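Text of the file run-v5.txt, holding compact mmCIF, C-alpha atoms and all ligand atoms:
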# COMPACT_ATOMS: atom_id res chain seq x y z
CA MET F 1 -22.05 -4.03 -26.70
CA ASP F 2 -19.52 -1.30 -27.46
CA LYS F 3 -16.18 -3.01 -28.17
CA LYS F 4 -14.47 -0.65 -25.72
CA LEU F 5 -16.47 -2.21 -22.92
CA ASN F 6 -15.12 -5.72 -23.50
CA ASN F 7 -12.28 -7.32 -21.60
CA LEU F 8 -13.00 -5.43 -18.37
CA ILE F 9 -12.00 -6.39 -14.83
CA LEU F 10 -13.51 -5.17 -11.58
CA VAL F 11 -10.92 -4.38 -8.92
CA LEU F 12 -11.90 -4.06 -5.28
CA ASN F 13 -9.50 -2.75 -2.67
CA CYS F 14 -11.17 -2.82 0.75
CA GLY F 15 -8.75 -1.01 3.05
CA SER F 16 -8.91 -0.37 6.77
CA SER F 17 -10.60 3.05 6.43
CA SER F 18 -11.38 3.32 2.74
CA ILE F 19 -12.69 1.25 -0.17
CA LYS F 20 -11.30 1.80 -3.66
CA PHE F 21 -12.91 0.29 -6.74
CA ALA F 22 -12.30 0.36 -10.46
CA ILE F 23 -13.44 -1.27 -13.68
CA LEU F 24 -10.67 -1.25 -16.23
CA ASN F 25 -9.11 -2.91 -19.21
CA PRO F 26 -5.82 -4.56 -18.14
CA ASP F 27 -4.38 -4.47 -21.68
CA ASN F 28 -4.92 -0.90 -22.84
CA LYS F 29 -5.06 0.34 -19.19
CA GLU F 30 -8.21 2.40 -19.87
CA LYS F 31 -10.35 2.98 -16.78
CA TYR F 32 -14.05 2.73 -17.46
CA LEU F 33 -15.03 3.51 -13.88
CA SER F 34 -13.09 4.31 -10.72
CA GLY F 35 -13.92 5.58 -7.29
CA SER F 36 -13.50 5.37 -3.57
CA VAL F 37 -15.32 5.58 -0.28
CA GLU F 38 -13.28 7.57 2.23
CA CYS F 39 -13.50 8.14 5.98
CA LEU F 40 -15.24 4.92 7.03
CA PHE F 41 -16.18 4.99 10.75
CA LEU F 42 -15.78 8.80 10.88
CA LEU F 43 -18.29 11.63 11.22
CA GLU F 44 -18.76 12.01 7.50
CA THR F 45 -18.25 9.12 5.09
CA TYR F 46 -18.42 10.08 1.42
CA ILE F 47 -18.06 8.43 -1.96
CA THR F 48 -16.52 9.84 -5.12
CA TRP F 49 -16.55 8.10 -8.47
CA GLN F 50 -15.89 8.80 -12.08
CA CYS F 51 -17.50 6.99 -15.01
CA LEU F 52 -16.24 7.72 -18.52
CA GLY F 53 -15.06 11.17 -17.45
CA THR F 54 -18.18 12.20 -15.47
CA LYS F 55 -17.45 12.85 -11.79
CA HIS F 56 -19.82 12.23 -8.88
CA LYS F 57 -19.56 12.87 -5.14
CA LYS F 58 -22.08 12.00 -2.42
CA LYS F 59 -22.23 11.83 1.35
CA ILE F 60 -23.11 8.35 2.55
CA GLY F 61 -23.70 9.08 6.21
CA ALA F 62 -21.97 9.01 9.59
CA ASN F 63 -19.94 6.18 11.07
CA VAL F 64 -20.45 4.00 7.97
CA ASN F 65 -18.89 0.51 8.09
CA HIS F 66 -17.49 -1.60 5.23
CA LYS F 67 -20.72 -3.56 4.64
CA ASP F 68 -22.91 -0.46 4.39
CA ALA F 69 -20.40 1.28 2.14
CA LEU F 70 -20.20 -1.78 -0.16
CA ASN F 71 -23.99 -1.99 -0.30
CA PHE F 72 -24.04 1.66 -1.33
CA ILE F 73 -21.44 1.06 -4.05
CA ILE F 74 -23.35 -1.98 -5.36
CA GLU F 75 -26.79 -0.39 -5.26
CA GLN F 76 -25.95 3.14 -6.40
CA VAL F 77 -22.92 2.72 -8.66
CA PHE F 78 -22.57 -0.85 -9.92
CA SER F 79 -26.33 -1.24 -10.50
CA GLN F 80 -26.05 1.36 -13.26
CA GLN F 81 -23.62 -0.94 -15.09
CA LYS F 82 -25.64 -4.14 -15.58
CA ASP F 83 -24.28 -4.83 -19.09
CA ILE F 84 -20.70 -4.39 -17.91
CA PHE F 85 -21.23 -6.78 -15.01
CA LYS F 86 -22.64 -9.46 -17.32
CA ASN F 87 -19.45 -9.32 -19.36
CA LEU F 88 -16.74 -8.87 -16.73
CA ILE F 89 -13.85 -11.27 -17.31
CA GLY F 90 -12.83 -11.28 -13.66
CA VAL F 91 -12.79 -9.60 -10.26
CA GLY F 92 -9.45 -8.84 -8.60
CA HIS F 93 -9.43 -8.42 -4.82
CA ARG F 94 -6.51 -6.84 -3.02
CA VAL F 95 -5.56 -8.92 0.03
CA VAL F 96 -2.89 -7.57 2.34
CA HIS F 97 -1.71 -10.75 4.05
CA GLY F 98 -1.43 -14.26 2.59
CA GLY F 99 -0.18 -15.71 5.89
CA THR F 100 2.11 -18.71 6.00
CA LYS F 101 0.46 -20.69 3.20
CA ILE F 102 -0.32 -18.45 0.22
CA LYS F 103 2.62 -17.29 -1.87
CA LYS F 104 0.93 -16.06 -5.09
CA SER F 105 -2.27 -14.70 -6.61
CA THR F 106 -4.99 -17.30 -6.78
CA LEU F 107 -8.61 -18.11 -7.62
CA ILE F 108 -10.74 -17.65 -4.51
CA ASP F 109 -12.53 -20.71 -3.09
CA SER F 110 -13.59 -21.68 0.43
CA ASN F 111 -10.09 -22.93 1.24
CA ILE F 112 -8.51 -19.59 0.23
CA ILE F 113 -11.11 -17.70 2.25
CA GLU F 114 -10.13 -19.78 5.26
CA CYS F 115 -6.42 -19.03 4.70
CA ILE F 116 -7.14 -15.27 4.46
CA GLN F 117 -9.18 -15.56 7.65
CA ASP F 118 -6.31 -17.41 9.38
CA ALA F 119 -3.87 -14.64 8.35
CA SER F 120 -6.10 -11.97 9.93
CA SER F 121 -4.12 -12.11 13.16
CA PHE F 122 -1.11 -10.85 11.13
CA ALA F 123 -3.09 -7.99 9.51
CA PRO F 124 -5.97 -7.27 11.89
CA LEU F 125 -6.86 -3.93 10.30
CA HIS F 126 -6.75 -5.19 6.73
CA ASN F 127 -7.57 -8.88 6.14
CA PRO F 128 -11.04 -8.77 7.78
CA ALA F 129 -11.89 -5.77 5.55
CA ASN F 130 -10.57 -7.59 2.47
CA LEU F 131 -12.75 -10.58 3.36
CA ILE F 132 -15.91 -8.48 3.70
CA GLY F 133 -15.38 -7.32 0.09
CA ILE F 134 -14.73 -10.83 -1.21
CA LYS F 135 -17.78 -12.33 0.49
CA MET F 136 -20.04 -9.52 -0.60
CA ILE F 137 -19.08 -9.84 -4.29
CA ILE F 138 -19.53 -13.63 -4.20
CA GLU F 139 -22.94 -13.23 -2.56
CA LYS F 140 -24.26 -10.43 -4.78
CA TYR F 141 -22.83 -11.69 -8.08
CA PRO F 142 -23.07 -15.51 -8.03
CA SER F 143 -22.39 -15.69 -11.78
CA LEU F 144 -18.91 -14.25 -11.12
CA SER F 145 -18.13 -16.67 -8.29
CA ARG F 146 -15.51 -18.63 -10.32
CA LYS F 147 -13.86 -15.42 -11.47
CA ASN F 148 -12.76 -13.90 -8.16
CA ILE F 149 -8.98 -13.67 -7.81
CA ALA F 150 -7.07 -12.70 -4.66
CA VAL F 151 -3.90 -10.68 -5.26
CA PHE F 152 -1.68 -10.56 -2.17
CA ASP F 153 0.64 -7.80 -1.00
CA THR F 154 2.80 -10.41 0.71
CA SER F 155 3.54 -12.35 -2.54
CA PHE F 156 6.25 -9.88 -3.53
CA TYR F 157 8.25 -10.86 -0.44
CA CYS F 158 8.09 -14.63 -0.64
CA ASN F 159 11.66 -14.94 -1.98
CA MET F 160 13.28 -12.79 0.72
CA PRO F 161 16.27 -14.50 2.33
CA GLU F 162 15.86 -15.68 5.90
CA THR F 163 18.59 -13.23 6.98
CA SER F 164 15.96 -10.53 6.26
CA PHE F 165 12.73 -12.21 7.26
CA LEU F 166 13.73 -13.87 10.55
CA TYR F 167 13.52 -12.03 13.86
CA ALA F 168 16.21 -12.75 16.43
CA ILE F 169 13.82 -14.53 18.78
CA PRO F 170 13.80 -18.28 19.53
CA TYR F 171 13.64 -20.04 16.13
CA ASN F 172 10.70 -22.15 17.22
CA PHE F 173 8.38 -19.10 17.11
CA TYR F 174 8.98 -19.00 13.38
CA LYS F 175 8.79 -22.77 12.82
CA LYS F 176 5.75 -23.35 14.99
CA TYR F 177 3.78 -20.09 14.73
CA GLY F 178 5.01 -18.44 11.52
CA ILE F 179 6.37 -15.37 13.29
CA ARG F 180 8.56 -13.69 10.66
CA ARG F 181 8.68 -10.57 8.51
CA TYR F 182 6.06 -10.81 5.72
CA GLY F 183 6.10 -7.26 4.30
CA ALA F 184 3.18 -5.26 2.91
CA HIS F 185 2.42 -2.88 -0.01
CA GLY F 186 4.00 -5.52 -2.27
CA ILE F 187 1.58 -4.83 -5.14
CA SER F 188 2.72 -1.21 -5.29
CA HIS F 189 6.46 -1.93 -4.81
CA ASN F 190 6.29 -4.57 -7.57
CA TYR F 191 4.41 -2.23 -9.93
CA VAL F 192 6.77 0.75 -9.58
CA ALA F 193 9.82 -1.54 -9.74
CA HIS F 194 8.65 -2.84 -13.15
CA ARG F 195 8.04 0.71 -14.34
CA ALA F 196 11.52 1.66 -13.10
CA SER F 197 13.07 -1.13 -15.14
CA LEU F 198 11.45 0.39 -18.26
CA MET F 199 12.51 3.93 -17.34
CA LEU F 200 16.08 2.81 -16.65
CA ASN F 201 16.03 0.62 -19.77
CA LYS F 202 17.30 -2.26 -17.68
CA GLN F 203 16.09 -5.86 -17.51
CA PHE F 204 14.04 -6.47 -14.37
CA LYS F 205 16.19 -9.43 -13.37
CA SER F 206 19.30 -7.23 -13.21
CA LEU F 207 17.64 -4.32 -11.41
CA ASN F 208 19.08 -3.09 -8.08
CA ILE F 209 16.76 -0.47 -6.60
CA ILE F 210 15.18 0.80 -3.39
CA THR F 211 11.45 1.54 -3.59
CA CYS F 212 9.74 3.83 -1.05
CA HIS F 213 5.93 3.68 -0.87
CA LEU F 214 4.95 6.67 1.26
CA GLY F 215 1.23 7.07 1.95
CA ASN F 216 -0.96 6.75 5.04
CA GLY F 217 0.93 3.51 5.50
CA SER F 218 4.58 3.67 4.42
CA SER F 219 7.17 1.03 3.62
CA ILE F 220 10.49 0.61 1.87
CA SER F 221 11.85 -2.38 -0.06
CA ALA F 222 15.28 -3.34 -1.36
CA ILE F 223 15.25 -5.15 -4.72
CA CYS F 224 18.43 -6.91 -5.80
CA ASN F 225 18.61 -8.52 -9.25
CA GLY F 226 14.82 -8.21 -9.52
CA ILE F 227 14.11 -10.00 -6.22
CA CYS F 228 12.90 -8.25 -3.08
CA VAL F 229 15.61 -8.96 -0.50
CA ASP F 230 14.43 -6.80 2.41
CA THR F 231 11.47 -4.71 3.48
CA SER F 232 10.51 -2.55 6.43
CA MET F 233 7.07 -3.93 7.30
CA GLY F 234 7.16 -7.01 9.47
CA LEU F 235 4.83 -9.62 10.88
CA THR F 236 2.18 -6.91 10.54
CA PRO F 237 2.09 -3.54 8.73
CA LEU F 238 3.04 -1.81 12.01
CA GLU F 239 6.83 -2.12 11.75
CA GLY F 240 9.22 0.17 9.94
CA LEU F 241 8.82 3.77 8.83
CA VAL F 242 6.90 6.51 10.65
CA MET F 243 3.36 6.47 9.19
CA GLY F 244 0.17 8.53 9.34
CA THR F 245 -1.12 6.95 12.54
CA ARG F 246 1.25 3.97 13.02
CA SER F 247 4.43 4.20 15.07
CA GLY F 248 6.68 2.03 12.90
CA ASP F 249 9.82 0.73 14.68
CA LEU F 250 10.02 1.00 18.45
CA ASP F 251 11.63 -0.70 21.40
CA PRO F 252 9.22 -3.57 22.33
CA SER F 253 9.86 -2.72 25.98
CA ILE F 254 7.67 0.35 25.52
CA ILE F 255 4.74 -2.09 25.37
CA PHE F 256 5.79 -3.76 28.64
CA PHE F 257 6.22 -0.34 30.23
CA MET F 258 2.80 0.88 29.10
CA ASN F 259 1.23 -2.36 30.33
CA ASN F 260 3.11 -2.82 33.62
CA HIS F 261 3.57 0.77 34.76
CA LEU F 262 0.78 2.71 33.05
CA ASN F 263 -1.81 -0.07 33.42
CA LEU F 264 -2.85 0.19 29.81
CA SER F 265 -4.45 -2.97 28.43
CA ILE F 266 -2.89 -4.76 25.45
CA ASP F 267 -5.92 -3.78 23.33
CA LYS F 268 -5.47 -0.13 24.28
CA ILE F 269 -1.75 -0.25 23.46
CA GLU F 270 -2.50 -1.87 20.10
CA THR F 271 -4.89 0.98 19.32
CA ILE F 272 -2.36 3.59 20.41
CA LEU F 273 0.41 2.14 18.22
CA ASN F 274 -1.81 1.58 15.17
CA LYS F 275 -4.23 4.50 15.26
CA LYS F 276 -2.88 7.24 17.51
CA SER F 277 0.85 7.27 16.80
CA GLY F 278 3.01 8.23 13.82
CA LEU F 279 2.51 11.76 12.49
CA LEU F 280 -0.82 12.05 14.31
CA GLY F 281 0.71 11.09 17.65
CA LEU F 282 3.79 13.27 17.25
CA SER F 283 1.90 16.39 16.17
CA GLY F 284 -1.27 15.82 18.19
CA ILE F 285 -3.08 17.45 15.25
CA SER F 286 -3.14 15.53 11.98
CA SER F 287 -2.01 12.51 10.00
CA ASP F 288 -2.53 14.29 6.67
CA PHE F 289 0.69 15.31 4.95
CA ARG F 290 -0.97 18.32 3.31
CA TYR F 291 -1.10 19.83 6.81
CA PHE F 292 2.61 19.17 7.50
CA GLU F 293 3.67 20.55 4.14
CA LYS F 294 1.84 23.81 4.90
CA LYS F 295 3.03 24.14 8.50
CA TYR F 296 6.59 22.78 8.32
CA TYR F 297 8.26 26.20 8.53
CA CYS F 298 5.85 27.83 10.99
CA LYS F 299 4.74 25.22 13.55
CA LYS F 300 7.27 23.52 15.82
CA HIS F 301 5.24 20.30 16.16
CA ALA F 302 4.88 20.02 12.37
CA LYS F 303 8.62 20.45 11.79
CA ARG F 304 9.44 17.96 14.54
CA SER F 305 7.07 15.32 13.11
CA VAL F 306 8.34 15.71 9.54
CA ASP F 307 11.98 15.67 10.65
CA ILE F 308 11.43 12.39 12.52
CA PHE F 309 9.64 10.94 9.46
CA CYS F 310 12.62 11.94 7.24
CA HIS F 311 15.26 10.81 9.75
CA ARG F 312 13.79 7.28 9.83
CA LEU F 313 13.35 7.11 6.06
CA SER F 314 16.87 8.27 5.21
CA LYS F 315 18.33 5.80 7.75
CA TYR F 316 16.46 2.95 6.02
CA ILE F 317 17.62 4.03 2.55
CA ALA F 318 21.24 4.12 3.73
CA ALA F 319 20.87 0.74 5.45
CA TYR F 320 19.34 -0.89 2.38
CA THR F 321 22.32 0.03 0.21
CA SER F 322 24.13 -2.67 2.21
CA VAL F 323 21.94 -5.49 0.82
CA LEU F 324 22.25 -4.57 -2.86
CA GLU F 325 25.57 -6.23 -3.72
CA ASN F 326 27.47 -2.98 -4.27
CA ARG F 327 25.27 -1.40 -6.93
CA LEU F 328 22.32 0.95 -6.53
CA ASP F 329 20.62 1.79 -9.87
CA ALA F 330 18.01 4.15 -8.43
CA VAL F 331 15.72 5.05 -5.54
CA ILE F 332 12.00 5.24 -6.33
CA PHE F 333 9.45 7.40 -4.48
CA THR F 334 5.75 6.62 -4.78
CA GLY F 335 2.43 6.80 -2.83
CA GLY F 336 0.47 9.96 -1.93
CA ILE F 337 3.43 11.52 -0.08
CA GLY F 338 6.21 10.17 -2.32
CA GLU F 339 4.44 11.45 -5.44
CA ASN F 340 3.31 14.84 -4.15
CA VAL F 341 5.63 16.27 -1.51
CA PRO F 342 8.91 17.77 -2.87
CA LEU F 343 9.80 18.89 0.68
CA ILE F 344 10.24 15.28 1.81
CA ARG F 345 12.47 14.36 -1.13
CA GLU F 346 14.60 17.46 -0.51
CA LEU F 347 14.95 16.75 3.23
CA VAL F 348 15.62 13.01 2.83
CA PHE F 349 18.24 13.21 0.07
CA SER F 350 20.06 16.19 1.60
CA ARG F 351 20.84 13.77 4.47
CA LEU F 352 22.19 11.22 1.97
CA SER F 353 24.65 13.30 -0.07
CA LEU F 354 27.39 10.91 1.14
CA LEU F 355 25.78 8.29 -1.12
CA GLY F 356 25.98 10.59 -4.15
CA PHE F 357 22.42 11.99 -4.22
CA LYS F 358 21.92 15.49 -5.69
CA ILE F 359 18.32 16.61 -6.07
CA ASN F 360 17.54 18.97 -8.97
CA SER F 361 15.23 21.57 -7.36
CA ASN F 362 13.27 22.40 -10.52
CA LEU F 363 12.62 18.77 -11.38
CA ASN F 364 11.74 18.02 -7.78
CA LEU F 365 9.22 20.87 -7.55
CA SER F 366 7.59 20.09 -10.88
CA THR F 367 7.25 16.31 -10.46
CA ILE F 368 3.95 16.23 -8.56
CA GLY F 369 0.24 15.60 -9.14
CA GLY F 370 0.49 12.37 -11.09
CA LYS F 371 3.72 13.08 -12.98
CA SER F 372 6.52 10.52 -13.02
CA GLY F 373 10.17 11.23 -13.77
CA LEU F 374 13.76 11.70 -12.70
CA ILE F 375 14.32 14.39 -10.03
CA THR F 376 18.12 14.28 -9.68
CA GLU F 377 21.09 15.97 -11.40
CA ASP F 378 22.92 14.10 -14.18
CA ASN F 379 25.89 13.33 -11.91
CA SER F 380 23.73 11.99 -9.06
CA THR F 381 22.61 8.53 -8.01
CA PRO F 382 19.18 8.58 -9.75
CA VAL F 383 15.95 9.19 -7.85
CA PHE F 384 12.67 8.68 -9.73
CA VAL F 385 9.16 9.64 -8.72
CA ILE F 386 6.82 7.00 -10.17
CA THR F 387 3.05 7.16 -9.73
CA THR F 388 1.73 3.88 -8.47
CA ASP F 389 -1.43 2.22 -9.80
CA GLU F 390 -2.40 -0.67 -7.56
CA GLU F 391 -5.75 -1.09 -9.32
CA LEU F 392 -4.05 -1.58 -12.70
CA ALA F 393 -1.51 -3.98 -11.17
CA ILE F 394 -4.32 -6.04 -9.60
CA ALA F 395 -6.30 -6.05 -12.88
CA GLN F 396 -3.27 -7.24 -14.86
CA GLU F 397 -2.52 -9.97 -12.35
CA THR F 398 -6.20 -11.05 -12.30
CA ASN F 399 -6.22 -11.19 -16.09
CA SER F 400 -3.14 -13.39 -16.21
CA ILE F 401 -4.60 -15.85 -13.65
CA ILE F 402 -7.98 -16.00 -15.47
CA ASN F 403 -6.21 -16.64 -18.80
CA ARG F 404 -4.06 -19.35 -17.25
CA LYS F 405 -7.11 -21.30 -15.98
P1 LIG O 501 -3.02 5.11 1.34
O1 LIG O 501 -3.20 4.51 -0.04
O2 LIG O 501 -1.99 4.44 2.19
O3 LIG O 501 -4.29 5.40 2.06
P2 LIG O 501 -2.06 7.41 -0.14
O4 LIG O 501 -1.00 6.79 -0.97
O5 LIG O 501 -3.31 7.87 -0.80
O6 LIG O 501 -2.39 6.54 1.13
O7 LIG O 501 -1.38 8.68 0.59
C1 LIG O 501 -2.04 9.44 1.54
C2 LIG O 501 -1.08 10.49 2.09
O8 LIG O 501 -0.57 11.27 1.00
C3 LIG O 501 -1.73 11.45 3.05
O9 LIG O 501 -0.83 11.77 4.09
C4 LIG O 501 -1.98 12.68 2.19
O10 LIG O 501 -2.00 13.85 2.93
C5 LIG O 501 -0.76 12.63 1.27
N1 LIG O 501 -1.03 13.37 0.04
C6 LIG O 501 -1.80 12.98 -0.99
N2 LIG O 501 -1.84 13.96 -1.95
C7 LIG O 501 -1.08 14.97 -1.49
C8 LIG O 501 -0.72 16.27 -1.98
N3 LIG O 501 -1.16 16.70 -3.16
N4 LIG O 501 0.10 17.03 -1.24
C9 LIG O 501 0.55 16.59 -0.03
N5 LIG O 501 0.25 15.39 0.50
C10 LIG O 501 -0.55 14.60 -0.21
Would you mind writing the structure in this file as structure tokens?
Ligand code: ADP
Amino acid sequence: MDKKLNNLILVLNCGSSSIKFAILNPDNKEKYLSGSVECLFLLETYITWQCLGTKHKKKIGANVNHKDALNFIIEQVFSQQKDIFKNLIGVGHRVVHGGTKIKKSTLIDSNIIECIQDASSFAPLHNPANLIGIKMIIEKYPSLSRKNIAVFDTSFYCNMPETSFLYAIPYNFYKKYGIRRYGAHGISHNYVAHRASLMLNKQFKSLNIITCHLGNGSSISAICNGICVDTSMGLTPLEGLVMGTRSGDLDPSIIFFMNNHLNLSIDKIETILNKKSGLLGLSGISSDFRYFEKKYYCKKHAKRSVDIFCHRLSKYIAAYTSVLENRLDAVIFTGGIGENVPLIRELVFSRLSLLGFKINSNLNLSTIGGKSGLITEDNSTPVFVITTDEELAIAQETNSIINRK
């Protein structure tokens, strides 16, 4: 076989409404194949993929679920790569929530599957989807069954101090039921933080930064001396920033009010807060930031939604400077919105000039579409845009676990 095709890892990222996949080399970072299925459960589900530079796009159907989409990927895309699959060195699965027991990436066995299942109540939109992917790969590729590695978003947060992860509710709810802040998006925060340490030419263990992952789901983390010391997502990925369809922070009494006075069931409220709130709820139109970028200056509801998004984000950035032991090396923006929307960076940091941020307009406007770099003036607290690559991070982690075995 072509030497280039050795040392490859399959990465599977089964999200709540999309499935991303890639086959790549964790050492030279070359992607042999990558793709995604978007718009699961919607009117038109489609798949795009790219193999050695050749792009493909196909409609899969309507209201397609995870299982059907995975079957399509396996039968139409992976089946063309039989030689590659014989020689894969491992399969890395993204898992959002490790629950109370799992703290780091690990080889998947029946015990780990049970733990991921148990943690589903903390990530009801994500863990069940992650598990469908894991089970499907084990079933369809039995020869790879001892090579499946779970890489957890929550691992990045396992050293947070209890001052950050405990809620001010009776302590017993934490001790007995594991109710605490677990965080999410850890794979991305960890990846961009390591890239920041290279860009700042600073050792990771002395790095003091704030990382903002802004996508359909959004979160922010404070990293002090290379350890994550606070993060905005909580027991579940619902807490924190304003997101595409999730509310982020709110007064819990809103739930009692909706239940007691509006007679909405708990299930209905859960759906409202997870799927009908955030930018979609505020605008009544869209959760897609491309829409808000276009309409910010001409539609009142678009401006209102974006301003609330920025208000919450800038408040978090300011608050997180208080947990960094008096030194902030940089703020990092990543994720679909963080990497592509100069308007957000302009609006957020204009609110934070008190903390010494001065955005350079030219750098801000030109750092989009996959570019990484500094977007602030020389005399400013630095802000970097850094493109995230969760698939590469998962492949590298998978490789290190396989080699350790
Ligand atoms: P997730 O991985 O959480 O599904 P992404 O990181 O892909 O999300 O980010 C999706 C968000 O980023 C969407 O709101 C989308 O509109 C926005 N986005 C992606 N690319 C662009 C772009 N070029 N311009 C404006 N917004 C963009």
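Closest approach to F:Ile9 among F:Ser287, F:Asn259, F:Thr106, F:Asn148: F:Asn148, based on all atoms listed in the file.
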Checklist entry - Using only C-alpha atoms, which residues sit within 9 Å of F:Cys158 once same-chain residues fewer than 5 positions away are excluded, as a PyMOL selection string? => result chain F and resi 103-104+182+228
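With atom CA of F:Gly373 on one side and atom CA of F:Met199 on the other, the separation reads 8.5 Å.
Ranking F:Glu390, F:Asp251, F:Asp307, F:Glu325 by their shortest atom-to-atom distance to ligand LIG 501 (chain O), with only C-alpha atoms and all ligand atoms included, puts F:Glu390 first.
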Can I get the residues of chain F within 6 Å of ligand LIG 501 (chain O), each with the closest pair of atoms and their distance in Å to one decimal, using all atoms listed in the file, sorted chain first then ascending number, as JSON lines?
{"residue": "F:Gly215", "atom": "CA", "partner": "O:LIG501", "partner_atom": "O7", "distance": 3.4}
{"residue": "F:Asn216", "atom": "CA", "partner": "O:LIG501", "partner_atom": "O2", "distance": 3.8}
{"residue": "F:Gly217", "atom": "CA", "partner": "O:LIG501", "partner_atom": "O2", "distance": 4.5}
{"residue": "F:Asp288", "atom": "CA", "partner": "O:LIG501", "partner_atom": "O10", "distance": 3.8}
{"residue": "F:Phe289", "atom": "CA", "partner": "O:LIG501", "partner_atom": "O10", "distance": 3.7}
{"residue": "F:Arg290", "atom": "CA", "partner": "O:LIG501", "partner_atom": "C9", "distance": 4.1}
{"residue": "F:Gly335", "atom": "CA", "partner": "O:LIG501", "partner_atom": "O4", "distance": 3.9}
{"residue": "F:Gly336", "atom": "CA", "partner": "O:LIG501", "partner_atom": "O8", "distance": 3.4}
{"residue": "F:Ile337", "atom": "CA", "partner": "O:LIG501", "partner_atom": "O8", "distance": 4.2}
{"residue": "F:Asn340", "atom": "CA", "partner": "O:LIG501", "partner_atom": "C8", "distance": 4.8}
{"residue": "F:Val341", "atom": "CA", "partner": "O:LIG501", "partner_atom": "C9", "distance": 5.3}
Next on the checklist: One number please: atom CA of F:Asn71 to atom CA of F:Glu114, in Å, one decimal.
Outcome noted: 23.2 Å
Checklist entry - Of the candidates F:Asn260, F:Thr211, F:Leu347, F:Val229, which one gets nearest to F:Ile317 if we count all atoms listed in the file? => result F:Thr211
Item to check | Shell of 6 Å around F:Asp153, all atoms listed in the file, local chain residues under 5 positions omitted, as a list of chain:residue names | outcome: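 Here the answer would be F:Val96, F:Ala184, F:His185, F:Gly186, F:Ile187.
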Do you know which residues lie at most 10 Å from (-17.1, -0.9, 8.6), with coordinates as in the file and all atoms listed in the file counted, and could you write them as an mmCIF file with C-alpha atoms, keeping the file's coordinate frame?
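New file out.cif:
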data_model
loop_
_atom_site.group_PDB
_atom_site.id
_atom_site.type_symbol
_atom_site.label_atom_id
_atom_site.label_comp_id
_atom_site.auth_asym_id
_atom_site.auth_seq_id
_atom_site.Cartn_x
_atom_site.Cartn_y
_atom_site.Cartn_z
ATOM 1 C CA SER F 16 -8.910 -0.370 6.770
ATOM 2 C CA SER F 17 -10.600 3.050 6.430
ATOM 3 C CA SER F 18 -11.380 3.320 2.740
ATOM 4 C CA LEU F 40 -15.240 4.920 7.030
ATOM 5 C CA PHE F 41 -16.180 4.990 10.750
ATOM 6 C CA ASN F 63 -19.940 6.180 11.070
ATOM 7 C CA VAL F 64 -20.450 4.000 7.970
ATOM 8 C CA ASN F 65 -18.890 0.510 8.090
ATOM 9 C CA HIS F 66 -17.490 -1.600 5.230
ATOM 10 C CA LYS F 67 -20.720 -3.560 4.640
ATOM 11 C CA ASP F 68 -22.910 -0.460 4.390
ATOM 12 C CA ALA F 69 -20.400 1.280 2.140
ATOM 13 C CA LEU F 70 -20.200 -1.780 -0.160
ATOM 14 C CA PRO F 128 -11.040 -8.770 7.780
ATOM 15 C CA ALA F 129 -11.890 -5.770 5.550
ATOM 16 C CA ILE F 132 -15.910 -8.480 3.700
#
Next on the checklist: If I take atom CA of F:Ser305 and atom CA of F:Ile266, how far is one from the other in Å, to one decimal?
Outcome noted: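 So the answer is 25.6 Å.
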Checklist entry - Which one of F:Glu44, F:Asp83, F:Glu293, F:Glu38 sits closest to F:Leu8 if you count all atoms listed in the file? => result F:Asp83
Item to check | From F:Cys14, F:Ser366, F:Lys202, F:Ser36, residue lying nearest F:Asn130 [only C-alpha atoms] | outcome: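 Looking at the shortest contact to F:Asn130, the residue is F:Cys14.
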Checklist outcome for this item: Among F:Leu52, F:Ile220, F:Ile402, F:Ile116, F:Gly338 is approached most closely, using all atoms listed in the file, by F:Ile220
Checklist entry - So which residues are close to (19.0, -0.7, -7.0), meaning at most 8 Å away in the file's coordinates with all atoms listed in the file counted, and can you show them as a VMD selection string? => result chain F and resid 207 to 210 222 to 224 321 324 327 to 331
Item to check | Contact residues around F:Ile375 with all atoms listed in the file at 9 Å, ignoring same-chain residues under 5 positions, as a ChimeraX atom specification | outcome: /F:358-367,382-385
Item to check | F:Leu144 environment, 12 Å, only C-alpha atoms, sequence neighbours closer than 6 positions dropped, as an MDAnalysis selection string | outcome: chainID F and resid 9:10 85:92 107:108 134:138 402
Written file, previous selection with C-alpha atoms, as a compact mmCIF listing (two decimals), in the coordinates of the input:
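For reference, result25.txt as written:
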# COMPACT_ATOMS: atom_id res chain seq x y z
CA ILE F 9 -12.00 -6.39 -14.83
CA LEU F 10 -13.51 -5.17 -11.58
CA PHE F 85 -21.23 -6.78 -15.01
CA LYS F 86 -22.64 -9.46 -17.32
CA ASN F 87 -19.45 -9.32 -19.36
CA LEU F 88 -16.74 -8.87 -16.73
CA ILE F 89 -13.85 -11.27 -17.31
CA GLY F 90 -12.83 -11.28 -13.66
CA VAL F 91 -12.79 -9.60 -10.26
CA GLY F 92 -9.45 -8.84 -8.60
CA LEU F 107 -8.61 -18.11 -7.62
CA ILE F 108 -10.74 -17.65 -4.51
CA ILE F 134 -14.73 -10.83 -1.21
CA LYS F 135 -17.78 -12.33 0.49
CA MET F 136 -20.04 -9.52 -0.60
CA ILE F 137 -19.08 -9.84 -4.29
CA ILE F 138 -19.53 -13.63 -4.20
CA ILE F 402 -7.98 -16.00 -15.47
Listed atoms of stretch 212-226 of chain F boxed axis-aligned with 5 Å per side, centre + edges as JSON:
{"center_x": 8.8, "center_y": -0.7, "center_z": -2.0, "size_x": 29.6, "size_y": 25.6, "size_z": 25.0}
